[in-house]
$ cat input-v9.tsv   # TSV, C-alpha atoms
chain	number	residue	atom	x	y	z
E	1	MET	CA	83.59	167.82	103.20
E	2	SER	CA	82.94	164.10	102.79
E	3	THR	CA	79.48	162.56	102.79
E	4	ARG	CA	78.62	159.13	104.14
E	5	SER	CA	77.13	156.86	101.46
E	6	ALA	CA	77.17	153.36	102.97
E	7	PHE	CA	76.14	151.51	106.11
E	8	SER	CA	78.87	150.29	108.39
E	9	LEU	CA	79.13	146.57	109.10
E	10	VAL	CA	77.78	147.09	112.62
E	11	GLU	CA	74.76	149.00	111.32
E	12	MET	CA	74.01	146.27	108.79
E	13	LEU	CA	74.23	143.61	111.50
E	14	VAL	CA	71.86	145.58	113.72
E	15	VAL	CA	69.33	145.95	110.89
E	16	MET	CA	69.55	142.23	110.08
E	17	ALA	CA	69.05	141.36	113.75
E	18	LEU	CA	65.97	143.60	113.92
E	19	ILE	CA	64.52	142.02	110.76
E	20	THR	CA	65.14	138.55	112.19
E	21	MET	CA	63.36	139.52	115.43
E	22	LEU	CA	60.40	140.94	113.54
E	23	ILE	CA	60.08	137.78	111.44
E	24	ALA	CA	60.25	135.63	114.59
E	25	MET	CA	57.50	137.73	116.16
E	26	LEU	CA	55.27	137.65	113.08
E	27	LEU	CA	55.59	133.97	112.12
E	28	PRO	CA	53.33	132.59	114.91
E	29	SER	CA	50.64	135.13	114.01
E	30	LEU	CA	50.92	134.24	110.33
E	31	LYS	CA	50.67	130.53	111.15
E	32	ARG	CA	47.57	131.13	113.29
E	33	ALA	CA	46.01	133.24	110.54
E	34	LYS	CA	46.72	130.55	107.95
E	35	LYS	CA	45.23	127.83	110.16
E	36	ALA	CA	42.18	129.99	110.91
E	37	ALA	CA	41.59	130.44	107.17
E	38	ARG	CA	41.78	126.68	106.68
E	39	ASP	CA	39.37	126.11	109.57
E	40	VAL	CA	36.91	128.43	107.86
E	41	GLU	CA	37.37	126.59	104.56
E	42	CYS	CA	36.73	123.27	106.31
E	43	LEU	CA	33.48	124.60	107.80
E	44	SER	CA	32.45	125.86	104.37
E	45	GLN	CA	33.02	122.40	102.90
E	46	GLN	CA	31.01	120.78	105.69
E	47	ARG	CA	28.14	123.16	104.99
E	48	GLN	CA	28.29	122.16	101.32
E	49	LEU	CA	27.96	118.52	102.32
E	50	MET	CA	24.95	119.26	104.53
E	51	ASN	CA	23.34	121.17	101.67
E	52	ALA	CA	23.89	118.09	99.51
E	53	VAL	CA	22.17	115.92	102.14
E	54	ILE	CA	19.24	118.36	102.26
E	55	ALA	CA	18.99	118.45	98.45
E	56	PHE	CA	18.97	114.64	98.38
E	57	SER	CA	16.21	114.61	100.99
E	58	ASN	CA	14.13	117.13	99.05
E	59	ASP	CA	14.44	114.97	95.92
E	60	HIS	CA	13.48	111.75	97.75
E	61	GLY	CA	10.32	112.62	99.66
E	62	THR	CA	12.27	113.98	102.67
E	63	LYS	CA	14.16	110.68	103.11
E	64	LEU	CA	17.69	110.93	104.43
E	65	PRO	CA	20.43	109.00	102.61
E	66	LEU	CA	20.51	105.26	103.29
E	67	GLY	CA	22.66	102.66	101.59
E	68	GLN	CA	22.87	98.92	101.27
E	69	ARG	CA	25.96	98.73	103.44
E	70	SER	CA	26.24	99.66	107.10
E	71	TRP	CA	29.08	101.03	109.23
E	72	PRO	CA	31.77	101.96	108.46
E	73	HIS	CA	31.37	101.86	104.68
E	74	PHE	CA	28.25	103.97	104.38
E	75	GLY	CA	29.29	106.91	106.56
E	76	MET	CA	32.82	107.03	105.18
E	77	LEU	CA	32.48	106.05	101.51
E	78	ASP	CA	29.04	105.15	100.14
E	79	LEU	CA	27.31	108.34	101.25
E	80	TYR	CA	29.65	110.41	99.08
E	81	GLU	CA	30.36	108.03	96.22
E	82	ASP	CA	26.79	106.75	95.77
E	83	SER	CA	23.99	108.62	97.57
E	84	LEU	CA	25.37	112.15	97.14
E	85	ARG	CA	27.51	111.68	94.07
E	86	SER	CA	25.20	113.67	91.80
E	87	TYR	CA	24.93	116.43	94.43
E	88	ILE	CA	28.68	116.98	94.90
E	89	ASN	CA	30.31	118.61	91.91
E	90	ASP	CA	33.87	118.17	93.11
E	91	LEU	CA	34.94	115.38	95.47
E	92	SER	CA	37.89	117.53	96.57
E	93	VAL	CA	35.48	119.18	99.05
E	94	LEU	CA	35.66	115.90	100.99
E	95	ARG	CA	39.24	116.68	102.02
E	96	CYS	CA	39.82	119.13	104.86
E	97	PRO	CA	42.51	121.69	103.94
E	98	LEU	CA	44.27	120.87	107.23
E	99	ASP	CA	44.55	117.18	106.30
E	100	THR	CA	48.00	115.99	105.33
E	101	ASP	CA	49.25	112.86	103.60
E	102	VAL	CA	46.22	110.56	103.20
E	103	GLY	CA	42.84	111.81	104.45
E	104	GLY	CA	41.55	111.31	107.98
E	105	ILE	CA	39.18	108.55	106.85
E	106	ALA	CA	42.05	106.63	105.21
E	107	ARG	CA	44.17	106.97	108.36
E	108	TRP	CA	41.31	105.62	110.49
E	109	TRP	CA	40.83	102.76	107.99
E	110	ARG	CA	44.49	101.78	108.24
E	111	SER	CA	44.30	101.86	112.04
E	112	TRP	CA	41.05	99.85	112.27
E	113	TYR	CA	41.70	97.23	109.60
E	114	GLY	CA	45.49	97.16	109.63
E	115	ASN	CA	45.60	97.73	105.86
E	116	PRO	CA	44.95	100.64	103.49
E	117	MET	CA	41.55	100.68	101.81
E	118	ASP	CA	41.56	99.46	98.22
E	119	ALA	CA	39.21	99.49	95.24
E	120	GLY	CA	37.31	96.50	96.64
E	121	ASP	CA	36.15	98.58	99.62
E	122	HIS	CA	34.12	100.85	97.31
E	123	ILE	CA	30.83	100.19	95.56
E	124	ALA	CA	30.86	103.19	93.25
E	125	LEU	CA	34.47	104.11	92.59
E	126	ALA	CA	35.16	105.62	89.20
E	127	PRO	CA	37.86	103.82	87.14
E	128	HIS	CA	40.34	106.70	87.41
E	129	GLU	CA	40.00	106.99	91.19
E	130	LYS	CA	42.38	105.20	93.53
E	131	GLY	CA	41.24	102.87	96.30
E	132	GLU	CA	42.65	104.90	99.20
E	133	VAL	CA	40.68	108.12	98.95
E	134	ASN	CA	41.57	111.35	100.75
E	135	TYR	CA	38.27	112.01	102.53
E	136	SER	CA	38.17	113.81	105.88
E	137	TYR	CA	34.48	113.86	106.82
E	138	TYR	CA	32.52	111.20	108.69
E	139	TYR	CA	28.72	110.86	108.63
E	140	TYR	CA	27.54	109.68	112.05
E	141	VAL	CA	25.99	106.21	112.23
E	142	LYS	CA	23.03	107.48	114.28
E	143	MET	CA	21.76	109.01	111.04
E	144	TYR	CA	21.01	105.55	109.60
E	145	TRP	CA	20.88	103.05	112.51
E	146	ALA	CA	17.71	102.21	114.39
E	147	VAL	CA	17.48	103.38	118.00
E	148	ASP	CA	15.81	101.78	121.02
E	149	ARG	CA	13.72	104.63	122.41
E	150	THR	CA	13.57	102.96	125.85
E	151	SER	CA	17.32	102.59	126.42
E	152	GLY	CA	18.30	105.45	124.14
E	153	LEU	CA	20.93	103.21	122.51
E	154	LEU	CA	21.32	102.29	118.88
E	155	ASN	CA	20.37	98.81	117.74
E	156	GLY	CA	23.78	97.96	116.32
E	157	HIS	CA	23.88	97.57	112.55
E	158	GLU	CA	20.06	97.63	112.18
E	159	LEU	CA	19.53	100.06	109.33
E	160	ALA	CA	16.66	102.53	109.57
E	161	GLN	CA	15.14	104.85	106.99
E	162	TYR	CA	14.81	108.29	108.57
E	163	HIS	CA	13.39	111.51	107.17
E	164	LEU	CA	14.57	115.08	107.43
E	165	GLU	CA	11.76	115.83	109.87
E	166	THR	CA	12.87	112.94	112.10
E	167	VAL	CA	15.62	115.21	113.43
E	168	GLN	CA	13.96	116.96	116.36
E	169	HIS	CA	16.93	119.20	117.22
E	170	PRO	CA	18.35	120.26	113.83
E	171	SER	CA	20.66	122.92	115.27
E	172	GLU	CA	21.88	120.74	118.16
E	173	LEU	CA	22.45	117.29	116.64
E	174	PHE	CA	25.87	116.54	115.11
E	175	VAL	CA	25.37	114.96	111.69
E	176	SER	CA	29.00	114.73	110.59
E	177	ARG	CA	32.45	115.61	111.86
E	178	CYS	CA	35.89	116.34	110.51
E	179	PHE	CA	38.46	113.66	111.29
E	180	VAL	CA	41.22	116.28	111.55
E	181	ARG	CA	42.01	118.05	114.80
E	182	HIS	CA	41.13	121.74	114.73
E	183	ASP	CA	42.83	122.87	117.92
E	184	ASP	CA	46.36	123.67	119.00
E	185	GLU	CA	46.16	122.16	122.47
E	186	PRO	CA	47.26	118.72	123.67
E	187	GLY	CA	44.50	116.19	124.07
E	188	PHE	CA	40.89	116.44	122.99
E	189	THR	CA	39.28	119.88	123.25
E	190	GLY	CA	36.39	119.78	120.78
E	191	LEU	CA	34.97	118.80	117.40
E	192	GLN	CA	34.53	120.46	114.01
E	193	VAL	CA	30.96	119.38	113.16
E	194	ALA	CA	28.05	119.99	110.80
E	195	PHE	CA	24.32	120.09	111.49
E	196	ILE	CA	21.28	119.16	109.41
E	197	ASP	CA	20.19	122.82	109.32
E	198	ALA	CA	23.30	123.32	107.11
E	199	HIS	CA	25.44	125.19	109.61
E	200	ALA	CA	28.84	124.02	110.81
E	201	GLU	CA	31.05	125.06	113.69
E	202	TRP	CA	33.88	124.06	116.00
E	203	VAL	CA	32.33	123.00	119.32
E	204	HIS	CA	34.32	122.96	122.54
E	205	LYS	CA	33.94	119.78	124.57
E	206	ASP	CA	32.35	121.71	127.45
E	207	ARG	CA	29.33	122.31	125.21
E	208	ILE	CA	29.02	118.66	124.13
E	209	GLN	CA	26.74	116.13	125.78
E	210	THR	CA	28.74	112.97	126.29
E	211	SER	CA	28.00	109.66	124.60
E	212	CYS	CA	25.19	107.37	125.76
E	213	ALA	CA	27.66	104.47	125.36
E	214	PRO	CA	30.84	105.75	127.07
E	215	TRP	CA	32.51	102.33	126.69
E	216	TYR	CA	32.91	103.30	123.02
E	217	GLY	CA	34.33	106.69	123.96
E	218	GLU	CA	33.05	109.60	126.01
E	219	TYR	CA	32.79	111.80	122.92
E	220	ASN	CA	31.91	109.11	120.36
E	221	LEU	CA	28.82	110.86	119.03
E	222	ASP	CA	27.76	107.92	116.91
E	223	TRP	CA	26.15	107.01	120.23
E	224	THR	CA	24.17	110.14	120.98
E	225	CYS	CA	21.49	109.38	123.57
E	226	GLN	CA	18.26	108.69	121.62
E	227	GLY	CA	20.24	108.63	118.39
E	228	ILE	CA	18.81	110.80	115.62
E	229	TYR	CA	16.03	111.94	117.97
E	230	GLY	CA	18.50	113.32	120.51
E	231	LYS	CA	20.89	116.26	120.64
E	232	ASP	CA	24.61	116.73	121.21
E	233	LEU	CA	24.81	120.28	122.49
E	234	ARG	CA	24.30	121.04	126.18

$ encode --input "input-v9.tsv" --output "structure tokens"
Amino acid sequence: MSTRSAFSLVEMLVVMALITMLIAMLLPSLKRAKKAARDVECLSQQRQLMNAVIAFSNDHGTKLPLGQRSWPHFGMLDLYEDSLRSYINDLSVLRCPLDTDVGGIARWWRSWYGNPMDAGDHIALAPHEKGEVNYSYYYYVKMYWAVDRTSGLLNGHELAQYHLETVQHPSELFVSRCFVRHDDEPGFTGLQVAFIDAHAEWVHKDRIQTSCAPWYGEYNLDWTCQGIYGKDLR
């Protein structure tokens, strides 16, 4: 009596087809899981940055960071390279794990100025660091611009020294955001943001109060109504 010791060609093809189907079914789930892990890592990095801001404030009589330069340099470069440099051990935390190519800040810089940033755009760039840095996180201008309490609008480019206790809604005011999209849907659906109470989360647009200056963008939260005194969550 003979015994069968090998698969037939048809059986092998069936098995290969089943494996291919299983891989096709699992890949989307694996991609979503990978992206979710990177979203979590991004939030962790944003919390680290808020802890650095709080540590700076505690060391400077509750003052919040303020530089010599205004927008966009302070909220994109100087905050990290000057004010918080001694509070951030590794500048790699400034790059969102979902960011590709150059960082979100560098992409915005190219779009706004028409040229990549270079060493001359920095005031505290170490010699070994390149001019176009891969940062992803933006510190909102309302955190260092004066606000007209009557109109609720910022006094453009007028710097103001605020304190940690100036923030009246610490768990509802967006302090910084990630410049990378953290959704899989077309169009704008929300923001990945950090708060001065050192928590960070992705916020759907339905929970966001729109800008007090919609001509700059409905969800441009530089222009939160009442600035640093206001709140961004509904």

$ residues_around --input "input-v9.tsv" --residues "Leu153 of chain E" --least-positions-apart "4" --cutoff "7 Å" --atoms "all atoms listed in the file" --output "number ranges by chain"
E: 147-148, 212, 223, 225-227

$ atom_distance --input "input-v9.tsv" --atom1 "atom CA of Asp99 of chain E" --atom2 "atom CA of Gln46 of chain E"
14.0 Å

$ closest_residue --input "input-v9.tsv" --among "E:Lys63, E:His204, E:His122, E:His163" --to "Glu81 of chain E" --atoms "only C-alpha atoms"
E:His122

$ closest_residue --input "input-v9.tsv" --among "E:Gln192, E:Gln68, E:Ser86, E:Thr210" --to "Gln161 of chain E" --atoms "all atoms listed in the file"
E:Gln68

$ atom_distance --input "input-v9.tsv" --atom1 "atom CA of Tyr140 of chain E" --atom2 "atom CA of Asp101 of chain E"
23.5 Å

$ closest_atom_pairs --input "input-v9.tsv" --of "segment 21-79 of chain E" --to "segment 104-117 of chain E" --cutoff "10 Å" --atoms "only C-alpha atoms" --output "Markdown table"
| residue | atom | partner | partner_atom | distance |
| --- | --- | --- | --- | --- |
| E:Pro72 | CA | E:Trp109 | CA | 9.1 |
| E:Met76 | CA | E:Ile105 | CA | 6.7 |
| E:Leu77 | CA | E:Ile105 | CA | 8.9 |

$ residues_around --input "input-v9.tsv" --residues "Gly131 of chain E" --least-positions-apart "5" --cutoff "8 Å" --atoms "all atoms listed in the file" --output "number ranges by chain"
E: 117-122, 125

$ atom_distance --input "input-v9.tsv" --atom1 "atom CA of Arg234 of chain E" --atom2 "atom CA of Gln48 of chain E"
25.2 Å

$ closest_residue --input "input-v9.tsv" --among "E:Arg47, E:Tyr162, E:Asp82, E:Arg69" --to "Asp197 of chain E" --atoms "all atoms listed in the file"
E:Arg47

$ residues_near_point --input "input-v9.tsv" --point "(25.3, 114.8, 98.9)" --cutoff "8 Å" --atoms "only C-alpha atoms" --output "JSON, numbers by chain"
{"E": [49, 50, 51, 52, 53, 54, 55, 56, 79, 80, 83, 84, 85, 86, 87, 88]}

$ closest_residue --input "input-v9.tsv" --among "E:Phe74, E:Tyr135, E:Trp145, E:Tyr216" --to "Cys42 of chain E" --atoms "all atoms listed in the file"
E:Tyr135

$ closest_residue --input "input-v9.tsv" --among "E:Ile123, E:Leu22, E:Ala160, E:Cys178" --to "Arg95 of chain E" --atoms "only C-alpha atoms"
E:Cys178

$ residues_around --input "input-v9.tsv" --residues "Tyr229 of chain E" --least-positions-apart "5" --cutoff "8 Å" --atoms "only C-alpha atoms" --output "number ranges by chain"
E: 166-169

$ write_last_selection --input "input-v9.tsv" --atoms "C-alpha atoms" --output "PDB file, in the coordinates of the input"
ATOM      1  CA  THR E 166      12.870 112.940 112.100  1.00  0.00           C
ATOM      2  CA  VAL E 167      15.620 115.210 113.430  1.00  0.00           C
ATOM      3  CA  GLN E 168      13.960 116.960 116.360  1.00  0.00           C
ATOM      4  CA  HIS E 169      16.930 119.200 117.220  1.00  0.00           C
TER       5      HIS E 169
END

$ closest_residue --input "input-v9.tsv" --among "E:Pro214, E:Pro97, E:Gly152, E:Gly230" --to "Ala37 of chain E" --atoms "all atoms listed in the file"
E:Pro97

$ axis_aligned_box --input "input-v9.tsv" --around "segment 194-207 of chain E" --padding-each-side "6 Å" --output "AutoDock Vina command-line options"
--center_x 27.3 --center_y 122.2 --center_z 117.3 --size_x 26.1 --size_y 18.0 --size_z 32.3

$ decode --input "input-v9.tsv" --residues "segment 32-77 of chain E" --atoms "N, CA and C atoms" --output "PDB file, in the first residue's frame"
ATOM      1  N   ARG E  32      -3.003  50.158  10.508  1.00  0.00           N
ATOM      2  CA  ARG E  32      -3.711  50.984  11.500  1.00  0.00           C
ATOM      3  C   ARG E  32      -3.045  50.880  12.866  1.00  0.00           C
ATOM      4  N   ALA E  33      -2.627  49.668  13.229  1.00  0.00           N
ATOM      5  CA  ALA E  33      -1.970  49.475  14.524  1.00  0.00           C
ATOM      6  C   ALA E  33      -0.642  50.225  14.576  1.00  0.00           C
ATOM      7  N   LYS E  34       0.102  50.189  13.474  1.00  0.00           N
ATOM      8  CA  LYS E  34       1.386  50.891  13.406  1.00  0.00           C
ATOM      9  C   LYS E  34       1.182  52.394  13.515  1.00  0.00           C
ATOM     10  N   LYS E  35       0.176  52.921  12.807  1.00  0.00           N
ATOM     11  CA  LYS E  35      -0.107  54.350  12.864  1.00  0.00           C
ATOM     12  C   LYS E  35      -0.572  54.753  14.264  1.00  0.00           C
ATOM     13  N   ALA E  36      -1.423  53.916  14.884  1.00  0.00           N
ATOM     14  CA  ALA E  36      -1.897  54.214  16.230  1.00  0.00           C
ATOM     15  C   ALA E  36      -0.732  54.295  17.215  1.00  0.00           C
ATOM     16  N   ALA E  37       0.238  53.391  17.062  1.00  0.00           N
ATOM     17  CA  ALA E  37       1.417  53.419  17.936  1.00  0.00           C
ATOM     18  C   ALA E  37       2.206  54.706  17.736  1.00  0.00           C
ATOM     19  N   ARG E  38       2.306  55.160  16.491  1.00  0.00           N
ATOM     20  CA  ARG E  38       3.029  56.399  16.219  1.00  0.00           C
ATOM     21  C   ARG E  38       2.266  57.614  16.725  1.00  0.00           C
ATOM     22  N   ASP E  39       0.938  57.563  16.660  1.00  0.00           N
ATOM     23  CA  ASP E  39       0.125  58.644  17.240  1.00  0.00           C
ATOM     24  C   ASP E  39       0.392  58.758  18.739  1.00  0.00           C
ATOM     25  N   VAL E  40       0.436  57.620  19.395  1.00  0.00           N
ATOM     26  CA  VAL E  40       0.696  57.599  20.837  1.00  0.00           C
ATOM     27  C   VAL E  40       2.086  58.161  21.131  1.00  0.00           C
ATOM     28  N   GLU E  41       3.072  57.777  20.316  1.00  0.00           N
ATOM     29  CA  GLU E  41       4.435  58.293  20.510  1.00  0.00           C
ATOM     30  C   GLU E  41       4.476  59.809  20.318  1.00  0.00           C
ATOM     31  N   CYS E  42       3.740  60.300  19.329  1.00  0.00           N
ATOM     32  CA  CYS E  42       3.675  61.747  19.097  1.00  0.00           C
ATOM     33  C   CYS E  42       3.105  62.459  20.315  1.00  0.00           C
ATOM     34  N   LEU E  43       2.017  61.937  20.868  1.00  0.00           N
ATOM     35  CA  LEU E  43       1.410  62.548  22.057  1.00  0.00           C
ATOM     36  C   LEU E  43       2.386  62.535  23.232  1.00  0.00           C
ATOM     37  N   SER E  44       3.132  61.437  23.366  1.00  0.00           N
ATOM     38  CA  SER E  44       4.124  61.355  24.433  1.00  0.00           C
ATOM     39  C   SER E  44       5.184  62.443  24.280  1.00  0.00           C
ATOM     40  N   GLN E  45       5.620  62.671  23.037  1.00  0.00           N
ATOM     41  CA  GLN E  45       6.627  63.706  22.792  1.00  0.00           C
ATOM     42  C   GLN E  45       6.061  65.096  23.074  1.00  0.00           C
ATOM     43  N   GLN E  46       4.803  65.330  22.734  1.00  0.00           N
ATOM     44  CA  GLN E  46       4.191  66.613  23.021  1.00  0.00           C
ATOM     45  C   GLN E  46       4.072  66.848  24.529  1.00  0.00           C
ATOM     46  N   ARG E  47       3.780  65.779  25.262  1.00  0.00           N
ATOM     47  CA  ARG E  47       3.735  65.912  26.725  1.00  0.00           C
ATOM     48  C   ARG E  47       5.117  66.254  27.276  1.00  0.00           C
ATOM     49  N   GLN E  48       6.159  65.662  26.709  1.00  0.00           N
ATOM     50  CA  GLN E  48       7.517  65.988  27.139  1.00  0.00           C
ATOM     51  C   GLN E  48       7.821  67.466  26.928  1.00  0.00           C
ATOM     52  N   LEU E  49       7.373  67.998  25.798  1.00  0.00           N
ATOM     53  CA  LEU E  49       7.614  69.413  25.516  1.00  0.00           C
ATOM     54  C   LEU E  49       6.851  70.304  26.491  1.00  0.00           C
ATOM     55  N   MET E  50       5.637  69.924  26.836  1.00  0.00           N
ATOM     56  CA  MET E  50       4.880  70.722  27.815  1.00  0.00           C
ATOM     57  C   MET E  50       5.525  70.639  29.192  1.00  0.00           C
ATOM     58  N   ASN E  51       6.058  69.489  29.539  1.00  0.00           N
ATOM     59  CA  ASN E  51       6.772  69.378  30.816  1.00  0.00           C
ATOM     60  C   ASN E  51       8.011  70.260  30.819  1.00  0.00           C
ATOM     61  N   ALA E  52       8.650  70.394  29.653  1.00  0.00           N
ATOM     62  CA  ALA E  52       9.812  71.285  29.548  1.00  0.00           C
ATOM     63  C   ALA E  52       9.389  72.747  29.735  1.00  0.00           C
ATOM     64  N   VAL E  53       8.245  73.119  29.156  1.00  0.00           N
ATOM     65  CA  VAL E  53       7.726  74.484  29.336  1.00  0.00           C
ATOM     66  C   VAL E  53       7.420  74.741  30.812  1.00  0.00           C
ATOM     67  N   ILE E  54       6.812  73.778  31.470  1.00  0.00           N
ATOM     68  CA  ILE E  54       6.477  73.929  32.894  1.00  0.00           C
ATOM     69  C   ILE E  54       7.747  74.024  33.736  1.00  0.00           C
ATOM     70  N   ALA E  55       8.741  73.200  33.429  1.00  0.00           N
ATOM     71  CA  ALA E  55      10.007  73.252  34.171  1.00  0.00           C
ATOM     72  C   ALA E  55      10.673  74.613  33.981  1.00  0.00           C
ATOM     73  N   PHE E  56      10.665  75.122  32.751  1.00  0.00           N
ATOM     74  CA  PHE E  56      11.208  76.457  32.498  1.00  0.00           C
ATOM     75  C   PHE E  56      10.477  77.489  33.346  1.00  0.00           C
ATOM     76  N   SER E  57       9.161  77.422  33.365  1.00  0.00           N
ATOM     77  CA  SER E  57       8.359  78.371  34.137  1.00  0.00           C
ATOM     78  C   SER E  57       8.684  78.300  35.624  1.00  0.00           C
ATOM     79  N   ASN E  58       8.816  77.093  36.143  1.00  0.00           N
ATOM     80  CA  ASN E  58       9.140  76.923  37.558  1.00  0.00           C
ATOM     81  C   ASN E  58      10.511  77.511  37.909  1.00  0.00           C
ATOM     82  N   ASP E  59      11.432  77.478  36.943  1.00  0.00           N
ATOM     83  CA  ASP E  59      12.784  77.999  37.171  1.00  0.00           C
ATOM     84  C   ASP E  59      12.891  79.503  36.933  1.00  0.00           C
ATOM     85  N   HIS E  60      11.838  80.122  36.399  1.00  0.00           N
ATOM     86  CA  HIS E  60      11.884  81.545  36.050  1.00  0.00           C
ATOM     87  C   HIS E  60      10.708  82.316  36.643  1.00  0.00           C
ATOM     88  N   GLY E  61      10.406  82.006  37.906  1.00  0.00           N
ATOM     89  CA  GLY E  61       9.370  82.765  38.611  1.00  0.00           C
ATOM     90  C   GLY E  61       8.009  82.681  37.963  1.00  0.00           C
ATOM     91  N   THR E  62       7.654  81.552  37.441  1.00  0.00           N
ATOM     92  CA  THR E  62       6.401  81.207  36.755  1.00  0.00           C
ATOM     93  C   THR E  62       6.262  81.860  35.368  1.00  0.00           C
ATOM     94  N   LYS E  63       7.311  82.534  34.885  1.00  0.00           N
ATOM     95  CA  LYS E  63       7.239  83.118  33.540  1.00  0.00           C
ATOM     96  C   LYS E  63       7.203  82.019  32.481  1.00  0.00           C
ATOM     97  N   LEU E  64       6.413  82.258  31.450  1.00  0.00           N
ATOM     98  CA  LEU E  64       6.419  81.378  30.290  1.00  0.00           C
ATOM     99  C   LEU E  64       7.532  81.816  29.343  1.00  0.00           C
ATOM    100  N   PRO E  65       8.011  80.914  28.489  1.00  0.00           N
ATOM    101  CA  PRO E  65       9.107  81.279  27.585  1.00  0.00           C
ATOM    102  C   PRO E  65       8.754  82.480  26.694  1.00  0.00           C
ATOM    103  N   LEU E  66       9.731  83.347  26.516  1.00  0.00           N
ATOM    104  CA  LEU E  66       9.586  84.518  25.649  1.00  0.00           C
ATOM    105  C   LEU E  66      10.951  84.827  25.065  1.00  0.00           C
ATOM    106  N   GLY E  67      11.003  85.034  23.767  1.00  0.00           N
ATOM    107  CA  GLY E  67      12.276  85.301  23.116  1.00  0.00           C
ATOM    108  C   GLY E  67      12.390  86.716  22.596  1.00  0.00           C
ATOM    109  N   GLN E  68      13.490  86.979  21.940  1.00  0.00           N
ATOM    110  CA  GLN E  68      13.719  88.289  21.343  1.00  0.00           C
ATOM    111  C   GLN E  68      13.048  88.414  19.991  1.00  0.00           C
ATOM    112  N   ARG E  69      12.808  87.280  19.347  1.00  0.00           N
ATOM    113  CA  ARG E  69      12.174  87.306  18.036  1.00  0.00           C
ATOM    114  C   ARG E  69      10.711  86.889  18.154  1.00  0.00           C
ATOM    115  N   SER E  70       9.908  87.353  17.220  1.00  0.00           N
ATOM    116  CA  SER E  70       8.481  87.074  17.236  1.00  0.00           C
ATOM    117  C   SER E  70       8.153  85.929  16.283  1.00  0.00           C
ATOM    118  N   TRP E  71       6.923  85.912  15.787  1.00  0.00           N
ATOM    119  CA  TRP E  71       6.461  84.893  14.855  1.00  0.00           C
ATOM    120  C   TRP E  71       7.163  85.076  13.518  1.00  0.00           C
ATOM    121  N   PRO E  72       7.510  84.011  12.811  1.00  0.00           N
ATOM    122  CA  PRO E  72       7.295  82.605  13.182  1.00  0.00           C
ATOM    123  C   PRO E  72       8.491  81.976  13.891  1.00  0.00           C
ATOM    124  N   HIS E  73       9.586  82.751  14.004  1.00  0.00           N
ATOM    125  CA  HIS E  73      10.838  82.173  14.501  1.00  0.00           C
ATOM    126  C   HIS E  73      10.732  81.622  15.919  1.00  0.00           C
ATOM    127  N   PHE E  74      10.038  82.372  16.797  1.00  0.00           N
ATOM    128  CA  PHE E  74      10.043  81.909  18.186  1.00  0.00           C
ATOM    129  C   PHE E  74       9.285  80.598  18.348  1.00  0.00           C
ATOM    130  N   GLY E  75       8.080  80.519  17.818  1.00  0.00           N
ATOM    131  CA  GLY E  75       7.260  79.326  18.029  1.00  0.00           C
ATOM    132  C   GLY E  75       7.683  78.111  17.244  1.00  0.00           C
ATOM    133  N   MET E  76       8.588  78.310  16.273  1.00  0.00           N
ATOM    134  CA  MET E  76       9.030  77.189  15.452  1.00  0.00           C
ATOM    135  C   MET E  76      10.479  76.781  15.716  1.00  0.00           C
ATOM    136  N   LEU E  77      11.309  77.749  16.129  1.00  0.00           N
ATOM    137  CA  LEU E  77      12.738  77.483  16.290  1.00  0.00           C
ATOM    138  C   LEU E  77      13.271  77.887  17.660  1.00  0.00           C
TER     139      LEU E  77
END
